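Next comes my_file15.pdb, a file with PDB, C-alpha atoms, pLDDT in the B column.
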ATOM      1  CA  MET A   1     131.087 -40.632 -94.365  1.00 75.00           C
ATOM      2  CA  GLY A   2     127.699 -42.066 -95.212  1.00 93.00           C
ATOM      3  CA  ASN A   3     126.714 -45.704 -95.596  1.00 94.00           C
ATOM      4  CA  ARG A   4     127.409 -45.731 -99.338  1.00 95.00           C
ATOM      5  CA  GLU A   5     130.952 -44.424 -98.859  1.00 96.00           C
ATOM      6  CA  ASP A   6     131.521 -46.778 -95.909  1.00 95.00           C
ATOM      7  CA  LEU A   7     130.478 -49.742 -98.044  1.00 96.00           C
ATOM      8  CA  LEU A   8     132.724 -48.668-100.902  1.00 96.00           C
ATOM      9  CA  GLU A   9     135.742 -48.208 -98.609  1.00 96.00           C
ATOM     10  CA  ALA A  10     135.066 -51.580 -96.969  1.00 96.00           C
ATOM     11  CA  ALA A  11     134.773 -53.264-100.370  1.00 96.00           C
ATOM     12  CA  LYS A  12     138.123 -51.750-101.414  1.00 94.00           C
ATOM     13  CA  LYS A  13     139.696 -53.040 -98.197  1.00 93.00           C
ATOM     14  CA  CYS A  14     138.214 -56.501 -98.733  1.00 94.00           C
ATOM     15  CA  LEU A  15     139.389 -56.447-102.335  1.00 89.00           C
ATOM     16  CA  ARG A  16     142.953 -55.830-101.137  1.00 86.00           C
ATOM     17  CA  ASP A  17     142.734 -58.303 -98.249  1.00 88.00           C
ATOM     18  CA  LYS A  18     140.737 -61.179 -99.741  1.00 88.00           C
ATOM     19  CA  GLY A  19     140.601 -60.629-103.477  1.00 85.00           C
ATOM     20  CA  PHE A  20     137.634 -60.216-105.785  1.00 84.00           C
ATOM     21  CA  SER A  21     136.016 -63.647-105.756  1.00 84.00           C
ATOM     22  CA  ARG A  22     136.715 -64.527-102.110  1.00 88.00           C
ATOM     23  CA  THR A  23     135.003 -61.413-100.728  1.00 93.00           C
ATOM     24  CA  THR A  24     131.461 -62.002 -99.517  1.00 95.00           C
ATOM     25  CA  ALA A  25     128.677 -59.514 -98.913  1.00 96.00           C
ATOM     26  CA  ARG A  26     128.941 -60.329 -95.203  1.00 96.00           C
ATOM     27  CA  ASP A  27     132.675 -59.463 -95.276  1.00 96.00           C
ATOM     28  CA  ILE A  28     131.837 -56.046 -96.676  1.00 96.00           C
ATOM     29  CA  ALA A  29     128.961 -55.464 -94.276  1.00 96.00           C
ATOM     30  CA  ASN A  30     131.105 -56.437 -91.272  1.00 96.00           C
ATOM     31  CA  ALA A  31     134.037 -54.257 -92.404  1.00 96.00           C
ATOM     32  CA  SER A  32     131.770 -51.269 -93.023  1.00 96.00           C
ATOM     33  CA  GLY A  33     129.432 -51.539 -90.069  1.00 95.00           C
ATOM     34  CA  VAL A  34     126.527 -51.291 -92.518  1.00 95.00           C
ATOM     35  CA  SER A  35     123.797 -53.925 -92.811  1.00 94.00           C
ATOM     36  CA  LEU A  36     123.707 -56.424 -95.663  1.00 93.00           C
ATOM     37  CA  ALA A  37     120.547 -54.698 -96.906  1.00 95.00           C
ATOM     38  CA  GLY A  38     122.590 -51.522 -97.341  1.00 94.00           C
ATOM     39  CA  ILE A  39     124.552 -53.154-100.149  1.00 95.00           C
ATOM     40  CA  GLY A  40     121.394 -53.755-102.165  1.00 93.00           C
ATOM     41  CA  TYR A  41     120.007 -50.329-101.347  1.00 94.00           C
ATOM     42  CA  HIS A  42     123.126 -48.410-102.406  1.00 95.00           C
ATOM     43  CA  PHE A  43     124.603 -50.676-105.117  1.00 94.00           C
ATOM     44  CA  ARG A  44     121.876 -53.151-106.223  1.00 93.00           C
ATOM     45  CA  SER A  45     124.193 -56.132-105.581  1.00 92.00           C
ATOM     46  CA  LYS A  46     127.476 -57.227-104.063  1.00 93.00           C
ATOM     47  CA  ASP A  47     128.877 -57.688-107.574  1.00 89.00           C
ATOM     48  CA  ALA A  48     128.021 -54.120-108.574  1.00 91.00           C
ATOM     49  CA  LEU A  49     129.672 -52.854-105.385  1.00 94.00           C
ATOM     50  CA  MET A  50     132.776 -54.976-105.990  1.00 91.00           C
ATOM     51  CA  ASN A  51     133.002 -53.752-109.592  1.00 88.00           C
ATOM     52  CA  GLU A  52     132.820 -50.133-108.456  1.00 91.00           C
ATOM     53  CA  ALA A  53     135.426 -50.793-105.741  1.00 93.00           C
ATOM     54  CA  LEU A  54     137.691 -52.493-108.278  1.00 87.00           C
ATOM     55  CA  PHE A  55     137.405 -49.622-110.753  1.00 86.00           C
ATOM     56  CA  GLU A  56     138.122 -47.076-108.023  1.00 90.00           C
ATOM     57  CA  VAL A  57     141.149 -49.027-106.759  1.00 87.00           C
ATOM     58  CA  MET A  58     142.440 -49.303-110.324  1.00 82.00           C
ATOM     59  CA  ARG A  59     142.107 -45.528-110.811  1.00 84.00           C
ATOM     60  CA  GLU A  60     143.951 -44.919-107.539  1.00 83.00           C
ATOM     61  CA  TRP A  61     146.649 -47.387-108.590  1.00 79.00           C
ATOM     62  CA  GLY A  62     147.005 -45.678-111.964  1.00 77.00           C
ATOM     63  CA  ASP A  63     147.384 -42.295-110.274  1.00 78.00           C
ATOM     64  CA  GLU A  64     150.003 -43.720-107.908  1.00 76.00           C
ATOM     65  CA  MET A  65     151.953 -45.300-110.767  1.00 73.00           C
ATOM     66  CA  GLU A  66     151.835 -42.078-112.761  1.00 73.00           C
ATOM     67  CA  ALA A  67     153.142 -40.088-109.788  1.00 73.00           C
ATOM     68  CA  ALA A  68     155.926 -42.603-109.111  1.00 69.00           C
ATOM     69  CA  LEU A  69     157.029 -42.582-112.730  1.00 70.00           C
ATOM     70  CA  ALA A  70     156.879 -38.794-112.949  1.00 68.00           C
ATOM     71  CA  ALA A  71     159.206 -38.394-109.959  1.00 69.00           C
ATOM     72  CA  ASP A  72     162.412 -36.542-110.636  1.00 69.00           C
ATOM     73  CA  ILE A  73     165.169 -38.249-112.555  1.00 72.00           C
ATOM     74  CA  SER A  74     168.401 -36.363-113.013  1.00 75.00           C
ATOM     75  CA  PRO A  75     168.244 -34.119-116.082  1.00 73.00           C
ATOM     76  CA  ASP A  76     171.720 -35.414-116.913  1.00 81.00           C
ATOM     77  CA  ALA A  77     170.528 -39.027-117.018  1.00 78.00           C
ATOM     78  CA  THR A  78     171.013 -40.910-120.255  1.00 80.00           C
ATOM     79  CA  PRO A  79     168.004 -42.485-121.979  1.00 77.00           C
ATOM     80  CA  ALA A  80     169.192 -45.874-120.670  1.00 81.00           C
ATOM     81  CA  GLU A  81     169.388 -44.542-117.107  1.00 83.00           C
ATOM     82  CA  ARG A  82     165.890 -43.068-117.396  1.00 79.00           C
ATOM     83  CA  PHE A  83     164.631 -46.388-118.768  1.00 82.00           C
ATOM     84  CA  GLU A  84     166.201 -48.343-115.902  1.00 86.00           C
ATOM     85  CA  ALA A  85     164.953 -45.884-113.270  1.00 85.00           C
ATOM     86  CA  ALA A  86     161.405 -46.118-114.639  1.00 82.00           C
ATOM     87  CA  TRP A  87     161.479 -49.928-114.539  1.00 85.00           C
ATOM     88  CA  ASP A  88     162.958 -49.879-111.031  1.00 87.00           C
ATOM     89  CA  ARG A  89     160.041 -47.695-109.899  1.00 85.00           C
ATOM     90  CA  ILE A  90     157.500 -49.963-111.552  1.00 83.00           C
ATOM     91  CA  ILE A  91     159.076 -53.067-110.035  1.00 85.00           C
ATOM     92  CA  ALA A  92     159.265 -51.411-106.596  1.00 85.00           C
ATOM     93  CA  SER A  93     155.501 -50.886-106.778  1.00 82.00           C
ATOM     94  CA  PHE A  94     154.895 -54.634-107.120  1.00 83.00           C
ATOM     95  CA  ASP A  95     155.438 -55.285-103.414  1.00 83.00           C
ATOM     96  CA  ARG A  96     153.314 -52.353-102.287  1.00 81.00           C
ATOM     97  CA  LEU A  97     150.536 -53.195-104.740  1.00 81.00           C
ATOM     98  CA  ARG A  98     150.788 -56.997-104.545  1.00 85.00           C
ATOM     99  CA  PRO A  99     147.110 -57.533-103.562  1.00 83.00           C
ATOM    100  CA  LEU A 100     145.932 -55.516-106.556  1.00 82.00           C
ATOM    101  CA  TRP A 101     148.217 -57.391-108.946  1.00 84.00           C
ATOM    102  CA  ILE A 102     147.007 -60.728-107.568  1.00 87.00           C
ATOM    103  CA  THR A 103     143.406 -59.565-107.985  1.00 86.00           C
ATOM    104  CA  GLN A 104     144.062 -58.586-111.596  1.00 84.00           C
ATOM    105  CA  PHE A 105     145.552 -62.002-112.376  1.00 88.00           C
ATOM    106  CA  GLU A 106     142.615 -63.630-110.550  1.00 86.00           C
ATOM    107  CA  LEU A 107     140.180 -61.670-112.699  1.00 85.00           C
ATOM    108  CA  LEU A 108     141.854 -62.743-115.945  1.00 87.00           C
ATOM    109  CA  SER A 109     140.597 -66.281-115.382  1.00 86.00           C
ATOM    110  CA  GLN A 110     137.040 -65.043-114.826  1.00 85.00           C
ATOM    111  CA  LEU A 111     136.635 -62.471-117.603  1.00 87.00           C
ATOM    112  CA  ASP A 112     134.183 -64.562-119.596  1.00 90.00           C
ATOM    113  CA  HIS A 113     131.772 -64.277-116.656  1.00 88.00           C
ATOM    114  CA  LEU A 114     132.426 -60.609-115.838  1.00 85.00           C
ATOM    115  CA  PRO A 115     131.646 -58.522-118.948  1.00 89.00           C
ATOM    116  CA  GLU A 116     131.689 -55.173-117.091  1.00 86.00           C
ATOM    117  CA  VAL A 117     135.093 -55.950-115.619  1.00 84.00           C
ATOM    118  CA  ARG A 118     136.406 -57.111-119.001  1.00 89.00           C
ATOM    119  CA  LYS A 119     135.256 -53.862-120.617  1.00 90.00           C
ATOM    120  CA  GLN A 120     136.896 -51.745-117.887  1.00 85.00           C
ATOM    121  CA  LEU A 121     140.156 -53.730-117.980  1.00 85.00           C
ATOM    122  CA  ALA A 122     140.287 -53.396-121.767  1.00 88.00           C
ATOM    123  CA  GLN A 123     139.931 -49.628-121.471  1.00 87.00           C
ATOM    124  CA  ASN A 124     142.571 -49.496-118.723  1.00 85.00           C
ATOM    125  CA  ILE A 125     145.003 -51.570-120.780  1.00 87.00           C
ATOM    126  CA  LEU A 126     144.543 -49.263-123.761  1.00 89.00           C
ATOM    127  CA  GLU A 127     145.268 -46.199-121.626  1.00 87.00           C
ATOM    128  CA  ALA A 128     148.239 -47.948-119.986  1.00 86.00           C
ATOM    129  CA  ARG A 129     149.704 -48.854-123.387  1.00 91.00           C
ATOM    130  CA  TYR A 130     149.583 -45.270-124.562  1.00 92.00           C
ATOM    131  CA  GLY A 131     151.017 -44.078-121.260  1.00 86.00           C
ATOM    132  CA  LEU A 132     153.872 -46.577-121.439  1.00 85.00           C
ATOM    133  CA  ALA A 133     154.671 -45.593-125.037  1.00 88.00           C
ATOM    134  CA  GLN A 134     154.790 -41.968-123.995  1.00 86.00           C
ATOM    135  CA  LEU A 135     156.819 -42.665-120.853  1.00 80.00           C
ATOM    136  CA  PHE A 136     159.493 -44.875-122.381  1.00 80.00           C
ATOM    137  CA  GLU A 137     159.679 -43.606-125.952  1.00 84.00           C
ATOM    138  CA  GLY A 138     158.166 -40.123-125.825  1.00 84.00           C
ATOM    139  CA  ILE A 139     155.525 -41.123-128.383  1.00 91.00           C
ATOM    140  CA  ASP A 140     152.489 -38.841-128.519  1.00 94.00           C
ATOM    141  CA  PRO A 141     149.502 -41.188-128.992  1.00 95.00           C
ATOM    142  CA  ALA A 142     147.472 -38.411-130.603  1.00 95.00           C
ATOM    143  CA  ALA A 143     150.156 -37.772-133.221  1.00 97.00           C
ATOM    144  CA  GLU A 144     151.221 -41.401-133.793  1.00 97.00           C
ATOM    145  CA  PRO A 145     148.392 -43.675-132.607  1.00 95.00           C
ATOM    146  CA  GLU A 146     149.567 -46.847-134.374  1.00 96.00           C
ATOM    147  CA  ARG A 147     153.179 -46.479-133.248  1.00 96.00           C
ATOM    148  CA  ALA A 148     151.975 -45.773-129.692  1.00 95.00           C
ATOM    149  CA  ARG A 149     149.716 -48.838-129.823  1.00 95.00           C
ATOM    150  CA  LEU A 150     152.472 -51.175-130.993  1.00 96.00           C
ATOM    151  CA  VAL A 151     155.202 -49.880-128.682  1.00 93.00           C
ATOM    152  CA  GLY A 152     152.826 -49.575-125.740  1.00 93.00           C
ATOM    153  CA  THR A 153     151.548 -53.118-126.259  1.00 95.00           C
ATOM    154  CA  PHE A 154     155.139 -54.377-126.191  1.00 93.00           C
ATOM    155  CA  TYR A 155     155.820 -52.562-122.913  1.00 90.00           C
ATOM    156  CA  GLN A 156     152.498 -53.761-121.483  1.00 91.00           C
ATOM    157  CA  ALA A 157     153.455 -57.357-122.313  1.00 93.00           C
ATOM    158  CA  MET A 158     156.817 -56.846-120.594  1.00 91.00           C
ATOM    159  CA  LEU A 159     155.114 -55.377-117.547  1.00 88.00           C
ATOM    160  CA  THR A 160     152.572 -58.198-117.298  1.00 90.00           C
ATOM    161  CA  GLY A 161     155.298 -60.813-117.685  1.00 92.00           C
ATOM    162  CA  LEU A 162     157.562 -59.157-115.132  1.00 91.00           C
ATOM    163  CA  VAL A 163     154.817 -58.814-112.540  1.00 90.00           C
ATOM    164  CA  GLY A 164     153.754 -62.433-113.099  1.00 92.00           C
ATOM    165  CA  GLN A 165     157.309 -63.621-112.515  1.00 93.00           C
ATOM    166  CA  TRP A 166     157.671 -61.309-109.516  1.00 92.00           C
ATOM    167  CA  LEU A 167     154.465 -62.625-107.913  1.00 91.00           C
ATOM    168  CA  ILE A 168     155.808 -66.168-108.188  1.00 93.00           C
ATOM    169  CA  ASP A 169     159.410 -65.495-107.114  1.00 94.00           C
ATOM    170  CA  PRO A 170     160.390 -61.895-106.321  1.00 92.00           C
ATOM    171  CA  ALA A 171     163.993 -62.856-105.564  1.00 92.00           C
ATOM    172  CA  THR A 172     164.691 -63.883-109.163  1.00 93.00           C
ATOM    173  CA  ALA A 173     162.582 -61.286-110.990  1.00 90.00           C
ATOM    174  CA  LEU A 174     164.505 -58.782-113.098  1.00 91.00           C
ATOM    175  CA  LYS A 175     165.482 -55.300-111.934  1.00 89.00           C
ATOM    176  CA  GLY A 176     165.499 -52.217-114.180  1.00 87.00           C
ATOM    177  CA  ALA A 177     169.165 -52.599-115.182  1.00 89.00           C
ATOM    178  CA  GLU A 178     168.578 -56.273-115.994  1.00 93.00           C
ATOM    179  CA  VAL A 179     165.580 -55.443-118.202  1.00 90.00           C
ATOM    180  CA  SER A 180     167.775 -52.954-120.049  1.00 88.00           C
ATOM    181  CA  ALA A 181     170.635 -55.463-120.350  1.00 91.00           C
ATOM    182  CA  ALA A 182     168.306 -58.178-121.649  1.00 92.00           C
ATOM    183  CA  LEU A 183     166.935 -55.864-124.352  1.00 88.00           C
ATOM    184  CA  ARG A 184     170.472 -54.980-125.444  1.00 89.00           C
ATOM    185  CA  MET A 185     171.340 -58.680-125.612  1.00 93.00           C
ATOM    186  CA  LEU A 186     168.477 -59.284-128.040  1.00 90.00           C
ATOM    187  CA  ASN A 187     170.243 -57.058-130.546  1.00 80.00           C
ATOM    188  CA  LEU A 188     167.135 -56.700-132.705  1.00 75.00           C
TER     189      LEU A 188
END

Encoded form (structure tokens):
Amino acid sequence: MGNREDLLEAAKKCLRDKGFSRTTARDIANASGVSLAGIGYHFRSKDALMNEALFEVMREWGDEMEAALAADISPDATPAERFEAAWDRIIASFDRLRPLWITQFELLSQLDHLPEVRKQLAQNILEARYGLAQLFEGIDPAAEPERARLVGTFYQAMLTGLVGQWLIDPATALKGAEVSAALRMLNL
């Protein structure tokens, strides 16, 4: 790997270990073995490097989530069983991806000062909504964009709420079967 790649990998590690705002240029330089000047040379600034690292980590996370959700579920499973299994997989990812989730919540409070991050998160949320609508309801966003937007936004709100509760107290956060049971109880 070259210095640019070393810096990017170090920034991703720091992002996971320390979060977005607590990572310093010196942290990245020390973790990469590249001089502080290398950050400016390859990325213009520490912020530009951290943004690129964040976007790359988010893409990797999205790929991992997609693979986990695409894993085999019995073809004989009922829609409710598929729903519960999908939520169980999402919830299981919370522990493994805790640093990224914490970073995303950290960034929410800073979005007014990070326009590039806000733009990227908005795009990611849009894609996630469509993906969730397709995953849980089989809605093709190209064929039914408004239905996909509404249903996907609902699932995105559930996901954000569940992960927020899980970050605070994992022991009492809902499991897939409990999410399903709660929705049935609403009787809408």

Quiz prompt | Who sits within 9 Å of stretch 9-25 of chain A, only C-alpha atoms, same chain under 3 positions skipped, as number ranges by chain | solution = A: 4-6, 28-33, 36, 39, 45-47, 49-54, 56-57, 97-100, 102-104, 106-107

Exercise. Step by step, work through what the PyMOL selection byres ((chain A and resi 158) around 12) selects in the shown file, and finish by giving those residues as number ranges by chain.
Key: A: 87, 90-91, 129, 132, 151-157, 159-166, 174, 176, 179-180, 182-183

Practice problem: Enter the distance from atom CA of A:Ala77 to atom CA of A:Gly131, in Å, rounded to one decimal. | Solution: 20.6 Å

Practice problem: Kindly indicate which residue among A:Ala128, A:Gly38, A:Phe105, A:Arg82 lies nearest to A:Gly62, using all atoms listed in the file for the distances. | Solution: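 Checking each of A:Ala128, A:Gly38, A:Phe105, A:Arg82 against A:Gly62, counting all atoms listed in the file, the winner is A:Ala128.
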
Exercise. Would you work out the distance separating atom CA of A:Lys175 from atom CA of A:Asp88, expressed in Å to one decimal?
Key: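 Straight-line distance from atom CA of A:Lys175 to atom CA of A:Asp88 works out to 6.0 Å.
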
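Residue nearest A:Glu66 within the list A:Leu188, A:Arg149, A:Ala142, A:Leu135: A:Leu135 [criterion: smallest interatomic distance, all atoms listed in the file].
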
Practice problem: Go ahead and compute the interatomic distance for atom CA of A:Pro141 and atom CA of A:Met65, in Å to one decimal. | Solution: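 A separation of 18.8 Å between them.
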
Where atoms are absent from stretch 89-100 of chain A, fill them in so it carries all heavy atoms, then output it as a PDB file, in the coordinates of the input.
ATOM      1  N   ARG A  89     161.209 -48.237-110.611  1.00 85.00           N
ATOM      2  CA  ARG A  89     160.041 -47.695-109.899  1.00 85.00           C
ATOM      3  C   ARG A  89     158.815 -48.587-110.092  1.00 85.00           C
ATOM      4  O   ARG A  89     158.042 -48.807-109.158  1.00 85.00           O
ATOM      5  CB  ARG A  89     159.748 -46.281-110.360  1.00 85.00           C
ATOM      6  CG  ARG A  89     160.786 -45.304-109.857  1.00 85.00           C
ATOM      7  CD  ARG A  89     160.516 -43.920-110.341  1.00 85.00           C
ATOM      8  NE  ARG A  89     161.538 -43.021-109.817  1.00 85.00           N
ATOM      9  CZ  ARG A  89     161.821 -41.866-110.347  1.00 85.00           C
ATOM     10  NH1 ARG A  89     161.157 -41.433-111.396  1.00 85.00           N
ATOM     11  NH2 ARG A  89     162.759 -41.112-109.824  1.00 85.00           N
ATOM     12  N   ILE A  90     158.627 -49.062-111.290  1.00 83.00           N
ATOM     13  CA  ILE A  90     157.500 -49.963-111.552  1.00 83.00           C
ATOM     14  C   ILE A  90     157.658 -51.229-110.720  1.00 83.00           C
ATOM     15  O   ILE A  90     156.730 -51.670-110.037  1.00 83.00           O
ATOM     16  CB  ILE A  90     157.394 -50.298-113.058  1.00 83.00           C
ATOM     17  CG1 ILE A  90     156.938 -49.062-113.838  1.00 83.00           C
ATOM     18  CG2 ILE A  90     156.444 -51.462-113.280  1.00 83.00           C
ATOM     19  CD1 ILE A  90     157.036 -49.215-115.348  1.00 83.00           C
ATOM     20  N   ILE A  91     158.836 -51.821-110.764  1.00 85.00           N
ATOM     21  CA  ILE A  91     159.076 -53.067-110.035  1.00 85.00           C
ATOM     22  C   ILE A  91     158.943 -52.851-108.529  1.00 85.00           C
ATOM     23  O   ILE A  91     158.391 -53.695-107.816  1.00 85.00           O
ATOM     24  CB  ILE A  91     160.450 -53.654-110.431  1.00 85.00           C
ATOM     25  CG1 ILE A  91     160.400 -54.105-111.909  1.00 85.00           C
ATOM     26  CG2 ILE A  91     160.846 -54.807-109.516  1.00 85.00           C
ATOM     27  CD1 ILE A  91     161.754 -54.354-112.544  1.00 85.00           C
ATOM     28  N   ALA A  92     159.399 -51.714-108.023  1.00 85.00           N
ATOM     29  CA  ALA A  92     159.265 -51.411-106.596  1.00 85.00           C
ATOM     30  C   ALA A  92     157.794 -51.345-106.179  1.00 85.00           C
ATOM     31  O   ALA A  92     157.448 -51.666-105.035  1.00 85.00           O
ATOM     32  CB  ALA A  92     159.963 -50.095-106.263  1.00 85.00           C
ATOM     33  N   SER A  93     156.929 -50.974-107.101  1.00 82.00           N
ATOM     34  CA  SER A  93     155.501 -50.886-106.778  1.00 82.00           C
ATOM     35  C   SER A  93     154.864 -52.267-106.633  1.00 82.00           C
ATOM     36  O   SER A  93     153.801 -52.390-106.026  1.00 82.00           O
ATOM     37  CB  SER A  93     154.752 -50.101-107.851  1.00 82.00           C
ATOM     38  OG  SER A  93     154.538 -50.896-109.005  1.00 82.00           O
ATOM     39  N   PHE A  94     155.490 -53.298-107.168  1.00 83.00           N
ATOM     40  CA  PHE A  94     154.895 -54.634-107.120  1.00 83.00           C
ATOM     41  C   PHE A  94     154.631 -55.072-105.680  1.00 83.00           C
ATOM     42  O   PHE A  94     153.579 -55.611-105.371  1.00 83.00           O
ATOM     43  CB  PHE A  94     155.779 -55.669-107.808  1.00 83.00           C
ATOM     44  CG  PHE A  94     155.925 -55.506-109.298  1.00 83.00           C
ATOM     45  CD1 PHE A  94     156.860 -56.261-109.980  1.00 83.00           C
ATOM     46  CD2 PHE A  94     155.155 -54.617-110.029  1.00 83.00           C
ATOM     47  CE1 PHE A  94     157.022 -56.141-111.350  1.00 83.00           C
ATOM     48  CE2 PHE A  94     155.310 -54.486-111.401  1.00 83.00           C
ATOM     49  CZ  PHE A  94     156.246 -55.252-112.060  1.00 83.00           C
ATOM     50  N   ASP A  95     155.598 -54.856-104.799  1.00 83.00           N
ATOM     51  CA  ASP A  95     155.438 -55.285-103.414  1.00 83.00           C
ATOM     52  C   ASP A  95     154.310 -54.509-102.733  1.00 83.00           C
ATOM     53  O   ASP A  95     153.441 -55.091-102.089  1.00 83.00           O
ATOM     54  CB  ASP A  95     156.750 -55.102-102.648  1.00 83.00           C
ATOM     55  CG  ASP A  95     156.689 -55.710-101.263  1.00 83.00           C
ATOM     56  OD1 ASP A  95     156.183 -56.840-101.129  1.00 83.00           O
ATOM     57  OD2 ASP A  95     157.145 -55.059-100.317  1.00 83.00           O
ATOM     58  N   ARG A  96     154.315 -53.213-102.907  1.00 81.00           N
ATOM     59  CA  ARG A  96     153.314 -52.353-102.287  1.00 81.00           C
ATOM     60  C   ARG A  96     151.910 -52.643-102.831  1.00 81.00           C
ATOM     61  O   ARG A  96     150.925 -52.555-102.113  1.00 81.00           O
ATOM     62  CB  ARG A  96     153.709 -50.888-102.537  1.00 81.00           C
ATOM     63  CG  ARG A  96     152.994 -49.869-101.740  1.00 81.00           C
ATOM     64  CD  ARG A  96     153.573 -48.467-101.949  1.00 81.00           C
ATOM     65  NE  ARG A  96     153.526 -47.992-103.322  1.00 81.00           N
ATOM     66  CZ  ARG A  96     154.559 -47.994-104.188  1.00 81.00           C
ATOM     67  NH1 ARG A  96     155.728 -48.456-103.844  1.00 81.00           N
ATOM     68  NH2 ARG A  96     154.416 -47.538-105.420  1.00 81.00           N
ATOM     69  N   LEU A  97     151.827 -52.996-104.086  1.00 81.00           N
ATOM     70  CA  LEU A  97     150.536 -53.195-104.740  1.00 81.00           C
ATOM     71  C   LEU A  97     150.231 -54.673-105.013  1.00 81.00           C
ATOM     72  O   LEU A  97     149.381 -54.987-105.830  1.00 81.00           O
ATOM     73  CB  LEU A  97     150.503 -52.399-106.051  1.00 81.00           C
ATOM     74  CG  LEU A  97     150.710 -50.891-105.886  1.00 81.00           C
ATOM     75  CD1 LEU A  97     150.901 -50.223-107.224  1.00 81.00           C
ATOM     76  CD2 LEU A  97     149.565 -50.267-105.120  1.00 81.00           C
ATOM     77  N   ARG A  98     150.941 -55.561-104.320  1.00 85.00           N
ATOM     78  CA  ARG A  98     150.788 -56.997-104.545  1.00 85.00           C
ATOM     79  C   ARG A  98     149.321 -57.455-104.550  1.00 85.00           C
ATOM     80  O   ARG A  98     148.910 -58.177-105.450  1.00 85.00           O
ATOM     81  CB  ARG A  98     151.599 -57.772-103.511  1.00 85.00           C
ATOM     82  CG  ARG A  98     151.543 -59.276-103.704  1.00 85.00           C
ATOM     83  CD  ARG A  98     152.344 -60.028-102.637  1.00 85.00           C
ATOM     84  NE  ARG A  98     152.279 -61.452-102.851  1.00 85.00           N
ATOM     85  CZ  ARG A  98     153.092 -62.138-103.622  1.00 85.00           C
ATOM     86  NH1 ARG A  98     154.082 -61.523-104.244  1.00 85.00           N
ATOM     87  NH2 ARG A  98     152.942 -63.434-103.785  1.00 85.00           N
ATOM     88  N   PRO A  99     148.505 -57.056-103.553  1.00 83.00           N
ATOM     89  CA  PRO A  99     147.110 -57.533-103.562  1.00 83.00           C
ATOM     90  C   PRO A  99     146.351 -57.137-104.833  1.00 83.00           C
ATOM     91  O   PRO A  99     145.554 -57.916-105.349  1.00 83.00           O
ATOM     92  CB  PRO A  99     146.489 -56.872-102.327  1.00 83.00           C
ATOM     93  CG  PRO A  99     147.640 -56.564-101.437  1.00 83.00           C
ATOM     94  CD  PRO A  99     148.784 -56.249-102.357  1.00 83.00           C
ATOM     95  N   LEU A 100     146.614 -55.941-105.337  1.00 82.00           N
ATOM     96  CA  LEU A 100     145.932 -55.516-106.556  1.00 82.00           C
ATOM     97  C   LEU A 100     146.406 -56.331-107.762  1.00 82.00           C
ATOM     98  O   LEU A 100     145.608 -56.732-108.602  1.00 82.00           O
ATOM     99  CB  LEU A 100     146.143 -54.024-106.810  1.00 82.00           C
ATOM    100  CG  LEU A 100     145.454 -53.477-108.053  1.00 82.00           C
ATOM    101  CD1 LEU A 100     143.954 -53.734-108.013  1.00 82.00           C
ATOM    102  CD2 LEU A 100     145.733 -52.009-108.211  1.00 82.00           C
TER     103      LEU A 100
END
